[in-house]
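Novice: Please see the structure below; I have some questions.
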Amino acid sequence: MTMEEYNSGDEVVFSADEASISVKECIEGVIGGTDYNQSKVNQWTASIVEHSLTHLVKQGRPFKYIVNCSIMQKSGAGLHTANSCYWDTATDGSCTVRWENRTMYCVVSVFAVAVAL
Amino acid sequence: MPPKRPKSARSSAGSKGKGKNLCQNPLAIDCHLAHQGHPDDIFPMVLTSATQELFGCLADEDVTGESPYKLLKKDDIIQDIKTRAAVSDFSPVKQFVLDYPEDEMLLVFDRDFTYDQSFYLVLTPEAKDRIINPPEPETPEVFEEEVSKIPEPKQWMHLGSEQEIDEESIKETRKKLWYKFSRVRRKFEVPVSFSDRNTADAEDGYLACASYQDSRFSIKQMQRDCGVQAAPTQQSSSAQTQWKIQRNSCTQYVPRELSDEERENILQFESLKHFLNSVTPRVLQALQQEEIMNVFLDDYKALGTLAEDGDWCGKVSEGLMLNQAFSDQKYTKDKKITSINWHPTIYGVIAVALTEKREVPLNESTFVVRPSLVLFYSFSSPSNPQLLLESPDDIFAFEFCPSDPNIIVGGCINGQVVLWDISAHVTRLQGTQPSGKKVSVNTDTLTSHQDLDENKENETPVVRYCAASTVETSHKARITDVQWLPPTFEVTRSGMPVENKYNISVQVVTCSTDCSLMFWDVRAQKLLSQSASDRKQNADQKTNLTPYGVPNTFKHLERTWKPLFRVSLPKIDTSGEYAPMKFSLEYYTCNTNENIDSSEFIPDYSQLRVPSAKTLRTLEDVNTKLYIGTEDGEIVYTDWKLEKDDFARLHSAKPLHCFSTHHWLVNTVQRSPFFRDIILTTGGWTFAIWKEGVMDGPIMLSPNSELVCTAGCWSLSRPAVFFIGKGDGSIEVWNLLEKTSEPTHIYTHHISNVKITCIKPWTASSKQHFLAVTDDLGIVRVLEIPKTLYVPSKNESLSVRKYFELEEHRQRDFLRRKELWVTEKKEAEELEKRTEPGKLVTFLNVPEEENMKKYSDYLMLENSILKAFGLCPATAGT
């Protein structure tokens, strides 16, 4: 990756919508249409995180990314998550994508922290 | 000399050659020049054919291209040179020949003119050897050596391409440059401002997946430890009484009586006797008067109350109030009610017969068979039937036995007659009475059934039929009406009415659309050989049940039940038969019957036997005629007694009268409960009232109404009132003493939406009169008859009877007058005919011409109009 691809001149802002779209696609690609399978869940979470991260990094923005993925089987139990951050709200951002199907929930959160140059 | 010769030979040959060559070959000069081109040790020469012959080297004969070598003797050549001197071809080479050391010289035929001559002479022996011998063996050796060797890699020796490669290769023209950038670390940091981003700030800071109850993941705890301690129930309560000074007190009185002595004394008193004597007659008179009439009754007041009750003209009566509605979704879905009966003894129990609404042929295999049921409803549970009677097929009519209400007879759609015995379930029916009355029941019939009843309290018990008639002998079409013969008489096989010794109803009459009536007996036929042991067995088996749980009451009829006899209904005028829908027998009351048992006696039907006909006395005064309503709307008055024809066979008589009054099938033929000879019939759009004995027609015929009359019944308490049910679900109340051309009340709204199928009134108590109304949807509604409609007016029956008599007279009058009119009309016509011919002649001619002209004018007009419309008449006429 060459230096030119970094938009060093423009204001760098994290766009949550784009990120959520691409993350959603990643999730769909990995577990769309499958039912919860305990033996495969580890593999799925790993691949979701990997793919999402790859897509995000490919955008070429000067960000540090943290991607977190949780898959929970639908069994009537409840799940609640929360996150809070201390960062530069102007440049940094996060987005959480919640996806579900008949048998499981999948929650992926992406945090992007701008890299100062 | 010899050396000279060759030289000279040579030179001469050469010169000759040259000369010849000059002549023959323009290349002679070249040859001379080429002389220097050939090797020195051979000498090209030309040999003439003579020389060739001489030496035996003829070209292409002795020497050829393949074997061009010819060895010539040196001596021969010298000889030739000597002989022919200058002419010899060998003269140029004379010297060489002389100098030749060896004896033989090689002459080679140069076919290809390699050295420009056709021959050449080899001058030195070394050359000769070389030419002939050495070359051949050398060449194969060289080849063999090369094959056996594997070529070994040799050092590459460039042949000049090194240069090109050098030119193409890249070489560093200069040394590589190397730069290093550095910056102080603190200068990298952009000014930052960090702030908190809480979960509340961003929309995705908090995420919830709510919990819910998922049945797949609920674990049912099958075993749980829990401690139990039995402890006496304790209750602490306190009371505090007001402590007043208590004192026991009691009273007891004893009537003071005169002692015996005192009584005696008093009785002896004269004054007492005198007093009694004087007072006694007055007292007696007063007592008598009281017996005769009630002095304390105020007639005017009583009149007032009665009048208030009967003042229905002015007051707007509430009318029939809906008391209860019965329907059970499970059983009544898609079914209509064909027959309804109140239970004669148990309060508040109604039985209804349900049939399928859709007319489906019986042999359709896809028809879903649902059990044909008769439902028993009770007032206490309107939505759950108390009892279900199961029958082989849909029931169209059923009746309770008047002597024993536990026996029920029903007629099926396929022509069979079935019997039920519900004595096992009577307590269940009675126990559900709202007032909780208990009637004593025969306990011995129920000992074995009590446990069953208690267990099955939650389920509706289903009673299967006890007996069914054999299919071959039953009716061929559906049975439309069933009635028990009254307990006063019974009928023998031959159709004779005889006395009924036991005074219980044992016979049933059924009518069916296969145009016949059948008489049935529910008793067993007399067994010819009956030993005592059999009798004992029968007695023991009194309370046993058949495998289906069906009581044994009618086991004797199983598979053998046949009718006593059959009455067919041939038509009066034409051939064919009537198809009866309903019939009505006269209730025969026999006065001279000694064995009148009290109503408590419930006969045991399983023990009854048909007595032989001879032992019974024939009753002559039984009215054996009955009214029948048919499918086509006719009312037929016929006799069911079988007659003997010429051949002494029994057959049915032709009906006495037939009136087609109604337009459609007759659905009610009912005798008035007050008058034995008044009958109400409904059917089609009318209803009619008949009097038995009046053979001209109905004494009253209602006007045609817009709606179909589907059911009718007399009121049980008022002789002038009857109810008609209509096809749209409304009920009309008619009161013959008020209005005879229209009903007094019409109740439309809260009765039903669909056609009313049956109406049955019932008197539950003196204050409660009910009317049960059933409709096409399977719902039974019990309406309470208001007081105005059940309390009869004064002398109502007398008034009604008078009214009927009036009607009778009127009808007779009418018929008489009708006849008069008919005769008068005939006479008038005849008169006219007689007087007419004279007048006719004069009128005929003139008007006829005029008429013809008018007619032709009209025809033309018609044609013109039609043409104007474009509708020319196709038929040729004008």
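Just remember, in the structure tokens the first chain shown is A, the second B, etc., residues are 1-based per chain, and ligands are 1-based in the order shown.
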May I have the residues within 12 Å of B:Ile350 as a ChimeraX atom specification, using only C-alpha atoms and disregarding those fewer than 4 positions away in the same chain?

Specialist: /B:324-327,339-346,374-382,385-388,399-400,429,759-762,764,770-774,780-782

Novice: Only C-alpha atoms, please: the residues just picked out, written as an mmCIF file, in the first residue's frame.

Specialist:
```cif
data_model
loop_
_atom_site.group_PDB
_atom_site.id
_atom_site.type_symbol
_atom_site.label_atom_id
_atom_site.label_comp_id
_atom_site.auth_asym_id
_atom_site.auth_seq_id
_atom_site.Cartn_x
_atom_site.Cartn_y
_atom_site.Cartn_z
ATOM 1 C CA GLN B 324 -83.014 -20.818 27.191
ATOM 2 C CA ALA B 325 -81.329 -21.861 24.039
ATOM 3 C CA PHE B 326 -79.698 -25.207 23.642
ATOM 4 C CA SER B 327 -77.131 -26.138 21.138
ATOM 5 C CA SER B 339 -88.002 -33.999 15.868
ATOM 6 C CA ILE B 340 -88.240 -32.793 19.415
ATOM 7 C CA ASN B 341 -89.936 -34.166 22.472
ATOM 8 C CA TRP B 342 -90.163 -33.108 26.058
ATOM 9 C CA HIS B 343 -89.486 -35.788 28.573
ATOM 10 C CA PRO B 344 -92.911 -36.702 29.946
ATOM 11 C CA THR B 345 -91.881 -37.003 33.573
ATOM 12 C CA ILE B 346 -88.565 -35.320 34.221
ATOM 13 C CA VAL B 374 -80.614 -38.026 19.583
ATOM 14 C CA LEU B 375 -79.485 -35.474 22.108
ATOM 15 C CA PHE B 376 -80.936 -34.919 25.549
ATOM 16 C CA TYR B 377 -80.658 -31.410 26.847
ATOM 17 C CA SER B 378 -81.410 -30.329 30.328
ATOM 18 C CA PHE B 379 -82.257 -26.914 31.615
ATOM 19 C CA SER B 380 -79.312 -26.967 33.922
ATOM 20 C CA SER B 381 -76.677 -27.323 31.220
ATOM 21 C CA PRO B 382 -77.771 -25.742 27.993
ATOM 22 C CA PRO B 385 -76.125 -32.592 26.157
ATOM 23 C CA GLN B 386 -76.858 -34.885 29.044
ATOM 24 C CA LEU B 387 -77.315 -37.988 27.060
ATOM 25 C CA LEU B 388 -76.800 -39.185 23.547
ATOM 26 C CA GLU B 399 -91.457 -40.804 20.737
ATOM 27 C CA PHE B 400 -91.282 -41.570 24.400
ATOM 28 C CA LEU B 429 -81.067 -36.840 33.835
ATOM 29 C CA ILE B 759 -92.574 -26.739 17.818
ATOM 30 C CA LYS B 760 -93.632 -28.537 20.969
ATOM 31 C CA PRO B 761 -95.355 -26.987 23.910
ATOM 32 C CA TRP B 762 -95.151 -28.281 27.421
ATOM 33 C CA ALA B 764 -93.957 -27.679 33.394
ATOM 34 C CA PHE B 770 -92.769 -23.604 27.727
ATOM 35 C CA LEU B 771 -92.630 -23.772 24.015
ATOM 36 C CA ALA B 772 -89.677 -25.574 22.519
ATOM 37 C CA VAL B 773 -88.755 -24.350 19.063
ATOM 38 C CA THR B 774 -86.117 -25.968 16.891
ATOM 39 C CA VAL B 780 -83.323 -25.555 20.365
ATOM 40 C CA ARG B 781 -84.880 -22.518 21.911
ATOM 41 C CA VAL B 782 -87.189 -22.783 24.853
#
```

Novice: Mind listing as a PyMOL selection string which residues of chain A are within 7 Å of chain B, counting only C-alpha atoms?

Specialist: chain A and resi 75-89+95-96+116-117

Novice: Could you save those same residues with N, CA, C and O atoms as a short mmCIF file (atom, residue, chain, number, x, y, z; two decimals), in the first residue's frame?

Specialist:
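Generated file (part.cif):
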```cif
data_model
loop_
_atom_site.label_atom_id
_atom_site.label_comp_id
_atom_site.auth_asym_id
_atom_site.auth_seq_id
_atom_site.Cartn_x
_atom_site.Cartn_y
_atom_site.Cartn_z
N SER A 75 -32.38 -19.25 22.75
CA SER A 75 -32.97 -20.27 23.61
C SER A 75 -33.90 -19.66 24.61
O SER A 75 -34.23 -20.28 25.61
N GLY A 76 -34.28 -18.46 24.36
CA GLY A 76 -35.17 -17.85 25.32
C GLY A 76 -34.43 -17.02 26.34
O GLY A 76 -35.03 -16.27 27.09
N ALA A 77 -33.12 -17.15 26.37
CA ALA A 77 -32.37 -16.30 27.32
C ALA A 77 -32.20 -14.92 26.73
O ALA A 77 -32.31 -14.71 25.53
N GLY A 78 -31.90 -13.99 27.56
CA GLY A 78 -31.73 -12.64 27.09
C GLY A 78 -30.26 -12.26 27.06
O GLY A 78 -29.44 -12.83 27.77
N LEU A 79 -29.92 -11.33 26.19
CA LEU A 79 -28.53 -10.88 26.08
C LEU A 79 -28.54 -9.37 26.04
O LEU A 79 -29.30 -8.76 25.30
N HIS A 80 -27.70 -8.75 26.85
CA HIS A 80 -27.60 -7.30 26.84
C HIS A 80 -26.15 -6.91 26.81
O HIS A 80 -25.36 -7.45 27.59
N THR A 81 -25.78 -6.04 25.92
CA THR A 81 -24.39 -5.57 25.87
C THR A 81 -24.40 -4.07 25.86
O THR A 81 -25.37 -3.44 25.45
N ALA A 82 -23.29 -3.52 26.29
CA ALA A 82 -23.15 -2.08 26.24
C ALA A 82 -21.69 -1.76 26.08
O ALA A 82 -20.80 -2.57 26.39
N ASN A 83 -21.37 -0.59 25.51
CA ASN A 83 -19.96 -0.17 25.43
C ASN A 83 -19.89 1.34 25.52
O ASN A 83 -20.79 2.05 25.10
N SER A 84 -18.83 1.79 26.09
CA SER A 84 -18.62 3.24 26.12
C SER A 84 -17.14 3.50 25.87
O SER A 84 -16.28 2.65 26.13
N CYS A 85 -16.82 4.64 25.30
CA CYS A 85 -15.45 4.92 24.86
C CYS A 85 -15.02 6.31 25.27
O CYS A 85 -15.84 7.22 25.44
N TYR A 86 -13.72 6.45 25.38
CA TYR A 86 -13.13 7.75 25.68
C TYR A 86 -12.15 8.05 24.56
O TYR A 86 -11.08 7.49 24.50
N TRP A 87 -12.59 8.88 23.61
CA TRP A 87 -11.77 9.11 22.44
C TRP A 87 -12.10 10.47 21.85
O TRP A 87 -12.82 11.25 22.44
N ASP A 88 -11.60 10.71 20.72
CA ASP A 88 -11.90 11.97 20.07
C ASP A 88 -13.16 11.79 19.26
O ASP A 88 -13.17 11.18 18.20
N THR A 89 -14.24 12.34 19.74
CA THR A 89 -15.52 12.08 19.09
C THR A 89 -15.59 12.67 17.69
O THR A 89 -16.43 12.27 16.89
N CYS A 95 -19.61 1.32 15.37
CA CYS A 95 -20.93 0.91 14.88
C CYS A 95 -21.19 -0.52 15.32
O CYS A 95 -20.27 -1.31 15.41
N THR A 96 -22.42 -0.78 15.64
CA THR A 96 -22.79 -2.12 16.09
C THR A 96 -23.83 -2.68 15.13
O THR A 96 -24.79 -2.00 14.78
N ALA A 116 -3.23 9.21 14.09
CA ALA A 116 -2.71 10.57 13.85
C ALA A 116 -1.40 10.50 13.09
O ALA A 116 -0.56 9.65 13.37
N LEU A 117 -1.28 11.35 12.12
CA LEU A 117 -0.03 11.31 11.36
C LEU A 117 0.78 12.57 11.59
O LEU A 117 0.21 13.65 11.75
#
```

Novice: Could you tell me how far atom CA of B:Ala688 lies from atom CA of B:Tyr790, in Å and to one decimal?

Specialist: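 Atom CA of B:Ala688 sits 22.0 Å away from atom CA of B:Tyr790.
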
Novice: Can you pull out every residue within 6 Å of stretch 62-74 of chain A, counting only C-alpha atoms, but drop anything in the same chain fewer than 6 positions away, and send it as a list in words?

Specialist: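 Near neighbours after the sequence-gap exclusion: Thr103, Met104, Tyr105, Cys106, Val107, Val108, Ser109, Val110, Phe111, Ala112, Val113, Ala114 and Val115 of chain A.
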
Novice: If you measure from atom CA of B:Thr510 to atom CA of B:Phe396, what distance in Å do you get, rounded to one decimal?

Specialist: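 Result for atom CA of B:Thr510 versus atom CA of B:Phe396: 11.1 Å, one decimal.
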
Novice: Among stretch 37-183 of chain B, which ones does DSSP assign to strand (DSSP E) (computed from the backbone)? Answer as a count of residues only.

Specialist: 19

Novice: Could you name the residues that touch A:Asp35 at 10 Å or less, counting only C-alpha atoms, but leaving out those on the same chain fewer than 2 positions away, as a PDB file with all heavy atoms, in the first residue's frame?

Specialist:
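Final file, selection-v3.pdb:
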```pdb
ATOM      1  N   ILE A  31     -22.665 -16.762   8.012  1.00  0.00           N
ATOM      2  CA  ILE A  31     -23.694 -17.575   8.677  1.00  0.00           C
ATOM      3  C   ILE A  31     -25.094 -17.385   8.105  1.00  0.00           C
ATOM      4  O   ILE A  31     -26.048 -17.856   8.678  1.00  0.00           O
ATOM      5  CB  ILE A  31     -23.751 -17.295  10.195  1.00  0.00           C
ATOM      6  CG1 ILE A  31     -23.950 -15.798  10.478  1.00  0.00           C
ATOM      7  CG2 ILE A  31     -22.545 -17.833  10.864  1.00  0.00           C
ATOM      8  CD1 ILE A  31     -24.201 -15.526  11.939  1.00  0.00           C
ATOM      9  N   GLY A  32     -25.219 -16.678   7.004  1.00  0.00           N
ATOM     10  CA  GLY A  32     -26.561 -16.515   6.452  1.00  0.00           C
ATOM     11  C   GLY A  32     -27.126 -17.861   6.023  1.00  0.00           C
ATOM     12  O   GLY A  32     -26.472 -18.583   5.290  1.00  0.00           O
ATOM     13  N   GLY A  33     -28.280 -18.183   6.466  1.00  0.00           N
ATOM     14  CA  GLY A  33     -28.922 -19.418   6.026  1.00  0.00           C
ATOM     15  C   GLY A  33     -28.531 -20.647   6.804  1.00  0.00           C
ATOM     16  O   GLY A  33     -28.961 -21.750   6.480  1.00  0.00           O
ATOM     17  N   ASN A  37     -24.913 -24.065  15.220  1.00  0.00           N
ATOM     18  CA  ASN A  37     -24.216 -25.349  15.289  1.00  0.00           C
ATOM     19  C   ASN A  37     -23.031 -25.159  16.221  1.00  0.00           C
ATOM     20  O   ASN A  37     -22.099 -24.394  15.960  1.00  0.00           O
ATOM     21  CB  ASN A  37     -23.729 -25.713  13.880  1.00  0.00           C
ATOM     22  CG  ASN A  37     -23.127 -27.087  13.848  1.00  0.00           C
ATOM     23  OD1 ASN A  37     -22.776 -27.644  14.888  1.00  0.00           O
ATOM     24  ND2 ASN A  37     -22.987 -27.639  12.663  1.00  0.00           N
ATOM     25  N   GLN A  38     -23.076 -25.870  17.319  1.00  0.00           N
ATOM     26  CA  GLN A  38     -22.108 -25.584  18.359  1.00  0.00           C
ATOM     27  C   GLN A  38     -20.684 -25.865  17.918  1.00  0.00           C
ATOM     28  O   GLN A  38     -19.753 -25.180  18.313  1.00  0.00           O
ATOM     29  CB  GLN A  38     -22.444 -26.455  19.581  1.00  0.00           C
ATOM     30  CG  GLN A  38     -21.825 -25.935  20.830  1.00  0.00           C
ATOM     31  CD  GLN A  38     -21.635 -27.034  21.837  1.00  0.00           C
ATOM     32  OE1 GLN A  38     -22.309 -28.043  21.772  1.00  0.00           O
ATOM     33  NE2 GLN A  38     -20.713 -26.845  22.745  1.00  0.00           N
ATOM     34  N   GLN A  73     -27.013 -18.424  20.846  1.00  0.00           N
ATOM     35  CA  GLN A  73     -28.096 -19.295  20.401  1.00  0.00           C
ATOM     36  C   GLN A  73     -29.424 -18.791  20.961  1.00  0.00           C
ATOM     37  O   GLN A  73     -29.494 -18.343  22.107  1.00  0.00           O
ATOM     38  CB  GLN A  73     -27.836 -20.711  20.900  1.00  0.00           C
ATOM     39  CG  GLN A  73     -28.858 -21.725  20.432  1.00  0.00           C
ATOM     40  CD  GLN A  73     -28.606 -23.086  21.016  1.00  0.00           C
ATOM     41  OE1 GLN A  73     -27.870 -23.226  21.994  1.00  0.00           O
ATOM     42  NE2 GLN A  73     -29.192 -24.092  20.439  1.00  0.00           N
ATOM     43  N   ASN A 101     -31.285 -14.721  13.022  1.00  0.00           N
ATOM     44  CA  ASN A 101     -32.136 -15.592  12.214  1.00  0.00           C
ATOM     45  C   ASN A 101     -32.939 -16.455  13.178  1.00  0.00           C
ATOM     46  O   ASN A 101     -33.066 -16.145  14.349  1.00  0.00           O
ATOM     47  CB  ASN A 101     -31.323 -16.409  11.202  1.00  0.00           C
ATOM     48  CG  ASN A 101     -30.534 -17.542  11.833  1.00  0.00           C
ATOM     49  OD1 ASN A 101     -30.547 -17.721  13.067  1.00  0.00           O
ATOM     50  ND2 ASN A 101     -29.815 -18.284  11.030  1.00  0.00           N
ATOM     51  N   ARG A 102     -33.458 -17.484  12.678  1.00  0.00           N
ATOM     52  CA  ARG A 102     -34.397 -18.267  13.469  1.00  0.00           C
ATOM     53  C   ARG A 102     -33.747 -18.859  14.708  1.00  0.00           C
ATOM     54  O   ARG A 102     -34.369 -19.059  15.723  1.00  0.00           O
ATOM     55  CB  ARG A 102     -34.964 -19.389  12.580  1.00  0.00           C
ATOM     56  CG  ARG A 102     -36.214 -20.056  13.084  1.00  0.00           C
ATOM     57  CD  ARG A 102     -36.719 -21.064  12.071  1.00  0.00           C
ATOM     58  NE  ARG A 102     -35.719 -22.094  11.808  1.00  0.00           N
ATOM     59  CZ  ARG A 102     -35.613 -23.219  12.516  1.00  0.00           C
ATOM     60  NH1 ARG A 102     -36.378 -23.446  13.523  1.00  0.00           N
ATOM     61  NH2 ARG A 102     -34.670 -24.091  12.210  1.00  0.00           N
ATOM     62  N   THR A 103     -32.468 -19.179  14.648  1.00  0.00           N
ATOM     63  CA  THR A 103     -31.874 -19.925  15.747  1.00  0.00           C
ATOM     64  C   THR A 103     -30.805 -19.168  16.507  1.00  0.00           C
ATOM     65  O   THR A 103     -30.358 -19.645  17.548  1.00  0.00           O
ATOM     66  CB  THR A 103     -31.210 -21.211  15.222  1.00  0.00           C
ATOM     67  OG1 THR A 103     -30.397 -20.858  14.106  1.00  0.00           O
ATOM     68  CG2 THR A 103     -32.255 -22.208  14.776  1.00  0.00           C
ATOM     69  N   MET A 104     -30.343 -18.056  16.026  1.00  0.00           N
ATOM     70  CA  MET A 104     -29.282 -17.383  16.770  1.00  0.00           C
ATOM     71  C   MET A 104     -29.247 -15.892  16.526  1.00  0.00           C
ATOM     72  O   MET A 104     -29.767 -15.389  15.539  1.00  0.00           O
ATOM     73  CB  MET A 104     -27.910 -17.977  16.395  1.00  0.00           C
ATOM     74  CG  MET A 104     -27.617 -17.950  14.916  1.00  0.00           C
ATOM     75  SD  MET A 104     -26.139 -18.888  14.588  1.00  0.00           S
ATOM     76  CE  MET A 104     -26.164 -18.925  12.831  1.00  0.00           C
TER      77      MET A 104
END
```

Novice: Nearest to B:Leu585 among B:Glu620, B:Glu390, B:Asp639, B:Glu808, with distances taken over only C-alpha atoms: which residue is it?

Specialist: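 Among the listed residues, B:Asp639 lies closest to B:Leu585.
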
Novice: As a ChimeraX atom specification, list the residues of stretch 1-115 of chain A assigned to helix (DSSP H, G or I) by DSSP on the backbone atoms of this structure.

Specialist: /A:3-5,16-31,41-58

Novice: So which one's closest to A:Glu18, A:Ala46, A:Trp99, A:Thr91, A:Ser52? Using only C-alpha atoms, please.

Specialist: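 That would be A:Ser52, the residue with the smallest distance to A:Glu18.
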
Novice: Ranking A:Val57, A:Val13, A:Val30, A:Val23 by minimum distance to A:Val97 and counting only C-alpha atoms, which one comes first?

Specialist: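 Using only C-alpha atoms, the shortest distance to A:Val97 belongs to A:Val23.
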
Novice: Here is a test: counting only C-alpha atoms, which residue of B:Gly56, B:Pro153, B:Gly729, B:Pro719 is nearest to B:Leu798?

Specialist: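 The answer is B:Pro719, which sits nearest to B:Leu798.
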